[in-house]
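Note: the block below is coords.cif and it holds mmCIF, C-alpha atoms and all ligand atoms.
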data_query
#
loop_
_atom_site.label_atom_id
_atom_site.label_comp_id
_atom_site.auth_asym_id
_atom_site.auth_seq_id
_atom_site.Cartn_x
_atom_site.Cartn_y
_atom_site.Cartn_z
CA MET A 1 -69.90 15.25 98.59
CA ASN A 2 -69.78 19.05 98.61
CA LEU A 3 -72.97 19.57 100.52
CA LYS A 4 -72.53 21.34 103.85
CA PRO A 5 -75.03 21.97 106.60
CA SER A 6 -75.92 25.60 107.33
CA ILE A 7 -73.61 27.21 109.89
CA TRP A 8 -76.43 27.79 112.36
CA ALA A 9 -77.87 24.29 112.08
CA ASP A 10 -74.37 22.91 112.38
CA ARG A 11 -73.90 24.78 115.69
CA LEU A 12 -76.84 22.97 117.27
CA ALA A 13 -75.89 20.71 120.16
CA PRO A 14 -77.66 17.34 120.21
CA SER A 15 -80.51 17.12 122.73
CA PRO A 16 -78.63 15.86 125.84
CA THR A 17 -81.62 14.01 127.24
CA LEU A 18 -82.30 12.16 124.00
CA GLU A 19 -78.58 11.40 123.67
CA ILE A 20 -78.49 9.86 127.13
CA LYS A 21 -81.73 8.00 126.42
CA SER A 22 -80.02 6.25 123.51
CA ILE A 23 -77.10 5.17 125.78
CA ALA A 24 -79.55 3.82 128.36
CA ASP A 25 -81.58 2.04 125.68
CA THR A 26 -78.42 0.36 124.33
CA LEU A 27 -77.55 -0.90 127.82
CA LYS A 28 -81.09 -2.21 128.27
CA GLN A 29 -80.94 -3.99 124.89
CA LYS A 30 -77.79 -5.75 126.14
CA GLY A 31 -79.89 -7.13 129.00
CA LYS A 32 -78.46 -4.87 131.74
CA LYS A 33 -80.70 -3.71 134.58
CA VAL A 34 -80.61 0.06 134.18
CA TYR A 35 -81.82 2.57 136.77
CA ASP A 36 -82.94 5.18 134.36
CA PHE A 37 -83.38 8.67 135.82
CA GLY A 38 -82.51 10.16 132.45
CA VAL A 39 -85.28 11.11 130.12
CA GLY A 40 -88.22 13.22 131.30
CA GLU A 41 -91.25 11.11 130.53
CA MET A 42 -93.79 9.09 132.50
CA ASN A 43 -94.43 6.34 129.97
CA PRO A 44 -94.24 3.33 130.57
CA GLU A 45 -94.65 3.89 134.32
CA ILE A 46 -97.66 6.21 134.24
CA LYS A 47 -99.68 5.70 131.11
CA LEU A 48 -101.78 7.83 128.81
CA PRO A 49 -105.36 8.06 130.23
CA SER A 50 -107.55 5.38 128.67
CA ILE A 51 -110.09 7.89 127.34
CA VAL A 52 -107.39 9.29 125.05
CA LYS A 53 -106.47 5.82 123.80
CA THR A 54 -110.11 4.97 123.07
CA VAL A 55 -110.87 8.22 121.27
CA MET A 56 -107.66 8.05 119.23
CA SER A 57 -108.33 4.44 118.16
CA GLU A 58 -111.90 5.30 117.20
CA ALA A 59 -110.70 8.32 115.25
CA ILE A 60 -108.36 6.15 113.21
CA ILE A 61 -111.00 3.50 112.60
CA SER A 62 -113.50 6.11 111.45
CA ASP A 63 -110.91 7.56 109.04
CA MET A 64 -110.25 10.81 110.85
CA THR A 65 -106.81 10.81 109.35
CA HIS A 66 -107.20 13.86 107.15
CA TYR A 67 -105.81 17.37 107.67
CA SER A 68 -107.32 19.64 110.28
CA PRO A 69 -107.20 23.44 109.97
CA ALA A 70 -103.57 24.54 110.45
CA ALA A 71 -104.26 26.19 113.82
CA GLY A 72 -105.96 23.05 115.08
CA ASP A 73 -109.24 21.14 115.07
CA PRO A 74 -111.98 23.58 116.20
CA GLU A 75 -113.21 21.09 118.83
CA LEU A 76 -109.74 20.98 120.39
CA LEU A 77 -109.21 24.76 120.21
CA SER A 78 -112.45 25.25 122.07
CA ALA A 79 -111.55 22.52 124.63
CA ILE A 80 -108.13 24.15 125.25
CA SER A 81 -109.77 27.56 125.59
CA ASN A 82 -112.22 26.21 128.20
CA ASP A 83 -109.38 24.43 129.98
CA LEU A 84 -107.26 27.60 130.12
CA HIS A 85 -110.17 29.26 131.95
CA ARG A 86 -109.61 26.66 134.71
CA PHE A 87 -106.16 28.26 135.13
CA ASP A 88 -107.62 31.79 135.26
CA LEU A 89 -106.75 32.55 131.63
CA THR A 90 -109.23 33.89 129.09
CA HIS A 91 -107.84 32.91 125.67
CA THR A 92 -110.45 32.37 122.97
CA PRO A 93 -110.05 29.58 120.37
CA SER A 94 -108.67 32.10 117.85
CA GLN A 95 -105.84 32.87 120.28
CA ILE A 96 -104.57 29.27 120.27
CA VAL A 97 -102.47 27.24 117.80
CA VAL A 98 -101.85 23.51 118.12
CA CYS A 99 -98.37 22.32 117.12
CA PRO A 100 -96.55 18.96 116.99
CA GLY A 101 -95.39 19.09 120.64
CA PRO A 102 -94.52 21.86 123.11
CA LYS A 103 -90.95 22.04 121.79
CA ASP A 104 -92.31 22.74 118.33
CA ALA A 105 -94.71 25.33 119.77
CA PHE A 106 -91.69 27.02 121.38
CA PHE A 107 -89.78 26.92 118.09
CA LYS A 108 -92.63 28.36 116.04
CA THR A 109 -93.35 31.09 118.57
CA CYS A 110 -89.70 32.14 118.46
CA LEU A 111 -89.70 31.91 114.67
CA ALA A 112 -92.76 34.14 114.44
CA ILE A 113 -91.13 36.81 116.60
CA ILE A 114 -87.38 36.82 116.28
CA GLY A 115 -85.49 36.96 113.05
CA GLN A 116 -82.40 38.32 111.39
CA SER A 117 -84.12 41.47 110.20
CA SER A 118 -85.62 42.50 113.55
CA SER A 119 -83.61 44.81 115.79
CA ARG A 120 -84.95 42.91 118.79
CA ASN A 121 -83.82 39.36 118.21
CA ARG A 122 -82.34 38.06 121.47
CA LEU A 123 -83.97 35.62 123.81
CA VAL A 124 -83.42 35.77 127.57
CA ALA A 125 -83.70 32.74 129.83
CA PHE A 126 -82.78 31.86 133.38
CA SER A 127 -80.14 29.35 134.34
CA PRO A 128 -80.43 26.42 134.96
CA ILE A 129 -82.15 26.19 131.62
CA TYR A 130 -84.09 23.57 129.68
CA GLU A 131 -82.08 22.48 126.65
CA SER A 132 -84.34 23.74 123.85
CA TYR A 133 -84.19 27.31 125.08
CA GLN A 134 -80.44 27.13 124.53
CA ASN A 135 -80.53 25.53 121.11
CA ILE A 136 -83.48 27.02 119.27
CA PRO A 137 -82.26 30.66 119.36
CA VAL A 138 -78.97 29.44 117.86
CA LEU A 139 -80.86 27.78 115.01
CA LEU A 140 -82.90 30.93 114.36
CA THR A 141 -80.34 33.70 114.79
CA GLY A 142 -76.94 32.08 115.21
CA GLN A 143 -76.83 33.48 118.75
CA PRO A 144 -77.35 31.70 122.07
CA PRO A 145 -79.81 33.08 124.62
CA ILE A 146 -78.73 35.68 127.18
CA LEU A 147 -78.68 33.75 130.43
CA LEU A 148 -79.62 35.38 133.73
CA PRO A 149 -79.07 33.84 137.15
CA THR A 150 -81.65 32.40 139.52
CA THR A 151 -81.70 32.71 143.31
CA ARG A 152 -80.67 29.81 145.52
CA HIS A 153 -84.25 28.55 145.25
CA PHE A 154 -83.88 28.49 141.45
CA LEU A 155 -86.23 31.46 141.02
CA PRO A 156 -85.57 34.19 138.40
CA ASP A 157 -83.46 37.09 139.64
CA VAL A 158 -85.88 39.97 139.05
CA GLU A 159 -83.37 42.77 139.56
CA ARG A 160 -81.02 41.37 136.96
CA LEU A 161 -83.92 41.11 134.52
CA GLU A 162 -84.88 44.72 135.14
CA ASP A 163 -81.28 45.92 134.67
CA LEU A 164 -80.94 44.00 131.43
CA LEU A 165 -84.16 45.33 129.96
CA LYS A 166 -83.10 48.87 130.79
CA GLN A 167 -79.77 48.53 129.03
CA ASP A 168 -80.35 46.16 126.15
CA GLN A 169 -82.63 47.09 123.26
CA THR A 170 -82.09 43.78 121.45
CA ILE A 171 -84.29 41.72 123.77
CA ALA A 172 -87.28 40.21 121.98
CA LEU A 173 -88.40 37.39 124.26
CA ILE A 174 -88.06 36.30 127.87
CA VAL A 175 -88.65 32.67 128.74
CA LEU A 176 -90.22 31.66 132.04
CA ASN A 177 -90.74 28.05 133.06
CA SER A 178 -92.77 27.10 136.10
CA PRO A 179 -92.92 24.31 137.25
CA ASN A 180 -89.33 24.15 136.17
CA ASN A 181 -87.20 21.67 134.28
CA PRO A 182 -84.57 20.86 135.61
CA SER A 183 -84.95 22.30 139.13
CA GLY A 184 -88.56 21.46 140.04
CA ALA A 185 -89.00 25.05 141.27
CA VAL A 186 -92.46 26.62 141.19
CA TYR A 187 -92.65 30.41 140.88
CA PRO A 188 -94.76 32.00 143.64
CA LEU A 189 -97.50 34.47 142.69
CA SER A 190 -95.62 37.47 144.09
CA LEU A 191 -92.64 36.72 141.85
CA ILE A 192 -94.84 36.40 138.78
CA GLN A 193 -96.50 39.71 139.60
CA ASP A 194 -93.09 41.38 140.08
CA ILE A 195 -91.84 40.06 136.74
CA ALA A 196 -95.06 41.16 135.01
CA ALA A 197 -94.75 44.67 136.47
CA ILE A 198 -91.26 45.01 134.97
CA ILE A 199 -92.00 43.55 131.55
CA GLU A 200 -95.18 45.62 131.22
CA LYS A 201 -92.94 48.68 130.84
CA TYR A 202 -91.52 47.15 127.63
CA PRO A 203 -94.55 46.44 125.42
CA GLU A 204 -92.31 45.44 122.51
CA VAL A 205 -90.89 42.54 124.56
CA GLY A 206 -92.71 39.18 124.71
CA VAL A 207 -92.76 36.40 127.28
CA ILE A 208 -92.88 32.70 126.54
CA SER A 209 -94.36 31.09 129.62
CA ASP A 210 -93.64 27.39 129.38
CA GLU A 211 -96.35 25.77 131.49
CA VAL A 212 -96.10 22.18 130.28
CA TYR A 213 -95.95 20.95 133.91
CA ARG A 214 -98.79 23.22 135.15
CA THR A 215 -100.78 20.37 136.73
CA ILE A 216 -97.79 18.75 138.43
CA ILE A 217 -97.39 20.87 141.58
CA TYR A 218 -97.11 19.46 145.10
CA ASP A 219 -97.59 20.39 148.76
CA ASN A 220 -100.54 22.77 148.24
CA HIS A 221 -98.57 25.16 146.02
CA ARG A 222 -100.58 26.57 143.12
CA HIS A 223 -99.85 27.23 139.49
CA HIS A 224 -99.93 30.87 138.39
CA SER A 225 -99.51 32.09 134.85
CA ILE A 226 -97.97 35.43 133.99
CA ALA A 227 -100.48 35.56 131.11
CA ALA A 228 -103.14 36.54 133.67
CA TYR A 229 -101.16 39.76 134.31
CA LEU A 230 -99.59 40.32 130.91
CA PRO A 231 -102.09 38.91 128.37
CA ASP A 232 -100.97 41.03 125.43
CA GLN A 233 -97.32 40.05 125.76
CA THR A 234 -97.42 36.41 126.89
CA PHE A 235 -97.34 33.17 124.94
CA VAL A 236 -98.40 30.23 127.10
CA LEU A 237 -97.09 26.81 126.14
CA GLY A 238 -98.78 23.55 127.09
CA GLY A 239 -99.64 20.16 125.68
CA MET A 240 -100.13 16.45 126.08
CA SER A 241 -96.49 15.46 126.55
CA LYS A 242 -95.92 16.06 130.24
CA GLU A 243 -99.46 16.61 131.44
CA ILE A 244 -100.90 13.25 130.41
CA SER A 245 -97.95 11.07 129.43
CA GLY A 246 -98.28 11.68 125.70
CA THR A 247 -94.70 12.55 124.76
CA GLY A 248 -94.69 10.44 121.58
CA LEU A 249 -98.05 11.72 120.36
CA ARG A 250 -96.56 15.12 119.59
CA LEU A 251 -99.26 17.55 120.55
CA GLY A 252 -98.51 20.93 122.09
CA PHE A 253 -100.12 24.33 121.92
CA VAL A 254 -99.36 28.01 122.24
CA ALA A 255 -101.91 30.58 123.42
CA GLY A 256 -101.41 34.33 123.24
CA PRO A 257 -102.23 37.63 121.54
CA GLU A 258 -104.32 37.00 118.45
CA THR A 259 -102.34 38.87 115.76
CA ILE A 260 -99.13 36.96 116.47
CA LEU A 261 -101.04 33.72 116.93
CA GLN A 262 -102.35 34.17 113.38
CA THR A 263 -98.74 34.45 112.23
CA ILE A 264 -97.85 31.29 114.16
CA ALA A 265 -100.80 29.54 112.48
CA ARG A 266 -99.36 30.51 109.09
CA VAL A 267 -95.97 29.15 110.15
CA GLU A 268 -97.67 25.93 111.27
CA GLY A 269 -99.63 25.64 108.01
CA ASN A 270 -96.49 26.11 105.94
CA THR A 271 -94.29 23.73 107.91
CA SER A 272 -96.26 20.94 109.60
CA SER A 273 -99.68 21.51 107.92
CA CYS A 274 -101.33 20.42 111.18
CA VAL A 275 -101.02 17.98 114.09
CA ASN A 276 -102.26 14.43 113.60
CA LEU A 277 -106.03 14.54 113.98
CA PRO A 278 -106.53 11.43 116.17
CA ALA A 279 -104.26 12.96 118.85
CA GLN A 280 -106.18 16.24 118.61
CA LYS A 281 -109.48 14.37 119.05
CA GLY A 282 -108.07 12.41 122.00
CA TYR A 283 -106.79 15.50 123.84
CA ALA A 284 -110.07 17.37 123.13
CA GLN A 285 -112.17 14.60 124.68
CA PHE A 286 -109.79 14.36 127.61
CA LEU A 287 -109.99 18.07 128.37
CA GLN A 288 -113.77 18.02 128.01
CA GLN A 289 -113.96 15.20 130.55
CA ASP A 290 -111.33 16.42 133.02
CA THR A 291 -113.20 19.58 133.95
CA ASN A 292 -112.20 19.43 137.62
CA LEU A 293 -108.61 18.33 136.78
CA LYS A 294 -109.16 15.12 138.73
CA LEU A 295 -107.54 12.85 136.14
CA ARG A 296 -104.51 15.12 136.01
CA TYR A 297 -104.30 15.44 139.77
CA ASP A 298 -104.35 11.62 140.01
CA ILE A 299 -101.22 11.64 137.86
CA ARG A 300 -99.72 14.37 140.05
CA ASP A 301 -100.38 12.31 143.18
CA GLN A 302 -98.59 9.30 141.71
CA LEU A 303 -95.63 11.52 140.93
CA ARG A 304 -95.61 13.07 144.42
CA LYS A 305 -95.34 9.57 145.90
CA ARG A 306 -92.28 8.97 143.74
CA ARG A 307 -90.76 12.32 144.66
CA ASP A 308 -91.14 11.48 148.36
CA ILE A 309 -89.54 8.05 147.94
CA LEU A 310 -86.65 9.59 146.05
CA ILE A 311 -85.99 12.34 148.58
CA GLN A 312 -86.30 10.00 151.53
CA ASN A 313 -83.77 7.54 150.08
CA PHE A 314 -81.46 10.27 148.92
CA HIS A 315 -81.58 11.90 152.34
CA GLN A 316 -80.70 8.63 154.08
CA LEU A 317 -78.03 7.38 151.71
CA VAL A 318 -76.32 10.13 149.77
CA LYS A 319 -73.99 11.90 152.17
CA CYS A 320 -72.26 14.73 150.30
CA ALA A 321 -75.12 16.29 148.35
CA THR A 322 -77.37 19.30 149.01
CA TRP A 323 -80.69 20.11 147.37
CA LYS A 324 -83.92 22.07 147.31
CA THR A 325 -86.99 19.86 147.49
CA PRO A 326 -88.74 20.04 144.10
CA LEU A 327 -92.23 21.54 144.34
CA GLY A 328 -93.33 20.60 140.85
CA ALA A 329 -92.58 18.80 137.56
CA TYR A 330 -90.79 15.44 138.01
CA TYR A 331 -87.13 16.33 138.33
CA PHE A 332 -84.72 16.38 141.24
CA PHE A 333 -81.62 18.54 140.85
CA PRO A 334 -79.16 18.00 143.70
CA ASN A 335 -75.86 19.79 144.03
CA MET A 336 -73.18 17.07 143.87
CA GLN A 337 -70.09 19.28 144.17
CA GLY A 338 -69.13 17.36 147.32
CA TYR A 339 -68.18 14.43 145.08
CA LEU A 340 -66.10 16.40 142.58
CA GLY A 341 -62.34 16.06 142.89
CA LYS A 342 -62.69 12.56 144.42
CA LYS A 343 -60.91 9.48 143.08
CA THR A 344 -62.47 6.25 141.75
CA THR A 345 -61.12 2.83 142.80
CA THR A 346 -59.24 2.73 139.48
CA GLY A 347 -57.52 6.04 140.26
CA ASN A 348 -59.49 8.37 137.96
CA ILE A 349 -60.41 11.78 139.33
CA ILE A 350 -64.05 12.87 139.02
CA GLN A 351 -63.39 16.32 137.61
CA ASN A 352 -66.93 17.50 136.92
CA ASP A 353 -70.60 16.57 136.77
CA GLN A 354 -70.15 14.88 133.37
CA ASP A 355 -67.47 12.58 134.81
CA LEU A 356 -69.77 11.88 137.74
CA ALA A 357 -72.75 10.99 135.51
CA LEU A 358 -70.52 8.72 133.40
CA TYR A 359 -69.07 7.08 136.52
CA LEU A 360 -72.57 6.36 137.87
CA LEU A 361 -73.62 4.95 134.52
CA LYS A 362 -70.59 2.65 134.25
CA THR A 363 -70.33 1.47 137.85
CA ALA A 364 -73.95 1.45 138.98
CA ASN A 365 -76.00 1.41 135.75
CA VAL A 366 -77.63 4.59 137.03
CA VAL A 367 -78.59 7.09 134.34
CA THR A 368 -78.61 10.78 135.31
CA ILE A 369 -78.09 13.96 133.31
CA PRO A 370 -75.15 16.24 134.15
CA GLY A 371 -76.25 19.67 135.38
CA SER A 372 -73.85 21.35 132.95
CA LYS A 373 -76.25 20.34 130.16
CA PHE A 374 -78.65 22.79 131.82
CA ASP A 375 -75.93 25.39 132.40
CA ARG A 376 -75.54 24.47 136.09
CA SER A 377 -72.36 22.50 136.58
CA GLY A 378 -71.89 20.44 139.72
CA HIS A 379 -75.50 19.23 139.71
CA LEU A 380 -77.18 16.09 138.40
CA ARG A 381 -80.74 15.90 137.13
CA LEU A 382 -82.79 12.86 138.10
CA ALA A 383 -86.16 12.37 136.38
CA TYR A 384 -88.29 10.35 138.79
CA ALA A 385 -91.47 9.48 136.85
CA ILE A 386 -90.33 5.86 137.07
CA ASN A 387 -91.13 2.75 139.09
CA PRO A 388 -90.87 3.33 142.88
CA ILE A 389 -88.77 0.18 143.35
CA THR A 390 -86.41 1.30 140.60
CA ILE A 391 -86.12 4.61 142.43
CA GLU A 392 -85.27 2.90 145.72
CA ILE A 393 -82.76 0.42 144.31
CA GLY A 394 -81.34 3.00 141.90
CA ILE A 395 -80.57 5.40 144.75
CA GLN A 396 -79.05 2.54 146.76
CA GLN A 397 -76.81 1.62 143.82
CA MET A 398 -75.92 5.25 143.27
CA ALA A 399 -75.06 5.74 146.96
CA LYS A 400 -72.88 2.59 146.94
CA ALA A 401 -70.93 3.87 143.94
CA LEU A 402 -70.60 7.34 145.49
CA ASP A 403 -69.36 5.83 148.77
CA GLN A 404 -66.53 4.15 146.87
CA LEU A 405 -65.13 7.51 145.81
CA GLN A 406 -62.22 8.72 147.89
C1 LIG B 501 -89.99 22.69 130.21
C2 LIG B 501 -90.19 21.89 128.97
N1 LIG B 501 -90.75 22.49 127.92
C3 LIG B 501 -90.96 21.83 126.77
C4 LIG B 501 -90.59 20.51 126.65
C5 LIG B 501 -90.79 19.84 125.33
O1 LIG B 501 -91.68 18.80 125.32
P1 LIG B 501 -91.73 17.91 124.01
O2 LIG B 501 -90.34 17.36 123.82
O3 LIG B 501 -92.71 16.84 124.27
O4 LIG B 501 -92.11 18.78 122.87
C6 LIG B 501 -89.99 19.85 127.71
C7 LIG B 501 -89.52 18.47 127.57
O5 LIG B 501 -88.78 17.94 128.38
C8 LIG B 501 -89.78 20.56 128.92
O6 LIG B 501 -89.22 19.99 129.98
#
For this file, write the structure as structure tokens.
Amino acid sequence: MNLKPSIWADRLAPSPTLEIKSIADTLKQKGKKVYDFGVGEMNPEIKLPSIVKTVMSEAIISDMTHYSPAAGDPELLSAISNDLHRFDLTHTPSQIVVCPGPKDAFFKTCLAIIGQSSSRNRLVAFSPIYESYQNIPVLLTGQPPILLPTTRHFLPDVERLEDLLKQDQTIALIVLNSPNNPSGAVYPLSLIQDIAAIIEKYPEVGVISDEVYRTIIYDNHRHHSIAAYLPDQTFVLGGMSKEISGTGLRLGFVAGPETILQTIARVEGNTSSCVNLPAQKGYAQFLQQDTNLKLRYDIRDQLRKRRDILIQNFHQLVKCATWKTPLGAYYFFPNMQGYLGKKTTTGNIIQNDQDLALYLLKTANVVTIPGSKFDRSGHLRLAYAINPITIEIGIQQMAKALDQLQ
């Protein structure tokens, strides 16, 4: 065969979380008890709200399986617009496009803005970084994102951002993500205002504000969107995946300035045609019912309970780690450098976080994701939207395996 993949597509790294999910699934199929802190989803532990299931089933039975307008079903666009108002945003339905998942919304937003022919074609993100922000710019331009550091609380380093924007005229987009995957950090309002004040000086630069975890924030912290301060430059991402346990339903959205949203709608129409209509109907009904966010806050409370169990067990049992308590999303991202350089009982040295994750998988059936997959070596990411007992026993197993290292 002489067919070759394109150079840019060929440079794409596989999604590390989905790769690890397939290893965990293989172990489970072999009948092993696996403590799976790998993939970031709530299902099967916390399920899709029943109203969504009912509406989706009814939509299928009543043959709502045809195309919707490319930008989305008008009922859903209006429900998302009303819901965004609950987060102090004022997008109208014509400023919203529904896509097959938040990742796809990110991809299409980037595609609509950055390209080979534009002089501004680089994307900036903060490290540690969610995998798609690393890979999608490579697919679109052949170049990885420019990575900027975060503070020790995993918050964007504002000065470095300002310096970069002053010097570099190739920047097209800056990605913000609060609540954050993988760190669980939540950006405070003052930080968002500081970032907005800087980016405002560069009207040709856009912001993608990934807010897929906007309702999962703990300990009386609040979600703030930079779109409230920078409406003409910001693209807000959201969707069913993380908010209501609908990862496999593939429904995300992007909301932002209307002219570019119309371009994104054309991209959507030419690539996916539209998102499956039953899921759109289900999310629309959900948003129309959850006007006070109660259903979503119930989910958040279940996740907070799991976060507390995880931290408590980790604190008691895992001796050589340090961490920042996550304030949102459902990830824990401890620094495990204290275990690097140690020897296993079979004499192998744990050189790095990838060795550590593999060691925990092999000796304790504990699935974690190495921090280096998020550009932060020495850490592990633990997704904790899982059964509380699995969390407890999983951390015990993990601690036992870690204690055996010398
Ligand atoms: C911050 C963030 N944005 C976007 C996504 C993409 O969600 P999906 O894969 O459902 O499109 C994820 C998934 O883990 C995420 O963590």
Just the residues within 10 Å of Asn365 of chain A, please, counting all atoms listed in the file, with nothing from its chain fewer than 4 positions along; format it as a list in words.
Ala24, Leu27, Lys28, Lys32, Lys33, Val34, Tyr35, Asp36, Leu358, Tyr359, Leu360, Leu361, Gly394, Gln397, Met398 and Ala401 of chain A
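Restricting the atom set to only C-alpha atoms and all ligand atoms, one finds that the residues within 7 Å of ligand LIG 501 (chain B) amount to Gly40, Gly101, Pro102, Lys103, Asp104, Tyr130, Asn177, Asn180, Asn181, Asp210, Val212, Ser241, Lys242, Thr247, Arg250 and Gly252 of chain A.
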Lys21 of chain A: which residues within 9 Å, counting all atoms listed in the file, same-chain residues fewer than 6 positions away excluded, as a ChimeraX atom specification?
/A:36,38-39,367
Residues near Ile136 of chain A, anyone? I mean within 9 Å using only C-alpha atoms, not counting same-chain ones fewer than 2 positions away, as a PyMOL selection string.
chain A and resi 12+106-107+110+131-134+138-141+144-145
Could you tell me which of A:His224, A:Asp88, A:Lys343, A:Pro44 comes closest to Gly248 of chain A if we count all atoms listed in the file?
A:Pro44
Would you compute, for all listed atoms of segment 270-280 of chain A, the axis-aligned bounding box grown by 4 Å on each side, and then report its centre and edge lengths in Å rounded to one decimal, as JSON?
{"center_x": -100.4, "center_y": 18.8, "center_z": 112.4, "size_x": 20.2, "size_y": 22.7, "size_z": 20.9}
Once you count only C-alpha atoms, what closest atom pair and distance in Å to one decimal does each residue of segment 254-332 of chain A within 12 Å of segment 64-80 of chain A have, with rows by chain and rising residue number, as a Markdown table?
| residue | atom | partner | partner_atom | distance |
| --- | --- | --- | --- | --- |
| A:Val254 | CA | A:Ala71 | CA | 9.9 |
| A:Ala255 | CA | A:Ile80 | CA | 9.1 |
| A:Glu258 | CA | A:Ala71 | CA | 11.8 |
| A:Leu261 | CA | A:Ala71 | CA | 8.8 |
| A:Gln262 | CA | A:Ala71 | CA | 8.2 |
| A:Thr263 | CA | A:Ala71 | CA | 10.1 |
| A:Ile264 | CA | A:Ala71 | CA | 8.2 |
| A:Ala265 | CA | A:Ala71 | CA | 5.0 |
| A:Arg266 | CA | A:Ala70 | CA | 7.4 |
| A:Val267 | CA | A:Ala70 | CA | 8.9 |
| A:Glu268 | CA | A:Ala70 | CA | 6.1 |
| A:Gly269 | CA | A:Ala70 | CA | 4.8 |
| A:Asn270 | CA | A:Ala70 | CA | 8.5 |
| A:Thr271 | CA | A:Ala70 | CA | 9.7 |
| A:Ser272 | CA | A:Ala70 | CA | 8.2 |
| A:Ser273 | CA | A:Ala70 | CA | 5.5 |
| A:Cys274 | CA | A:Ala70 | CA | 4.7 |
| A:Val275 | CA | A:Gly72 | CA | 7.1 |
| A:Asn276 | CA | A:Thr65 | CA | 7.2 |
| A:Leu277 | CA | A:Thr65 | CA | 6.0 |
| A:Pro278 | CA | A:Met64 | CA | 6.5 |
| A:Ala279 | CA | A:Leu76 | CA | 9.8 |
| A:Gln280 | CA | A:Leu76 | CA | 6.2 |
| A:Lys281 | CA | A:Leu76 | CA | 6.7 |
| A:Gly282 | CA | A:Leu76 | CA | 8.9 |
| A:Tyr283 | CA | A:Leu76 | CA | 7.1 |
| A:Ala284 | CA | A:Leu76 | CA | 4.5 |
| A:Gln285 | CA | A:Ala79 | CA | 7.9 |
| A:Phe286 | CA | A:Ala79 | CA | 8.9 |
| A:Leu287 | CA | A:Ala79 | CA | 6.0 |
| A:Gln288 | CA | A:Ala79 | CA | 6.1 |
| A:Gln289 | CA | A:Ala79 | CA | 9.7 |
| A:Asp290 | CA | A:Ala79 | CA | 10.4 |
| A:Thr291 | CA | A:Ala79 | CA | 9.9 |
Taking into account all atoms listed in the file, which residue in the set A:Ser190, A:Ser183, A:Gln302, A:Thr215 is nearest to Val158 of chain A?
A:Ser190
Provide the atom CA of Lys53 of chain A to atom CA of Gln29 of chain A distance in Å, to one decimal place.
27.4 Å
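If you look at atom CA of Glu200 of chain A and atom CA of Tyr229 of chain A, they are 8.9 Å away from each other.
For the choices A:Asn348, A:Asn220, A:Ser15, A:Asn121, the atom-to-atom distance to Leu327 of chain A is smallest for A:Asn220 when using all atoms listed in the file.
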Å distance separating atom CA of Pro257 of chain A from atom CA of Val205 of chain A, one decimal place
12.7 Å
Have a look at A:Asp355, A:Leu176, A:Phe37, A:Gln337 and name the one nearest to Thr390 of chain A; count only C-alpha atoms.
A:Phe37
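All residues of protein, DNA or RNA that reach within 10 Å of Ser118 of chain A, judged by all atoms listed in the file and not counting those fewer than 5 positions away in the chain, are Ile113, Thr170 and Ala172 of chain A.
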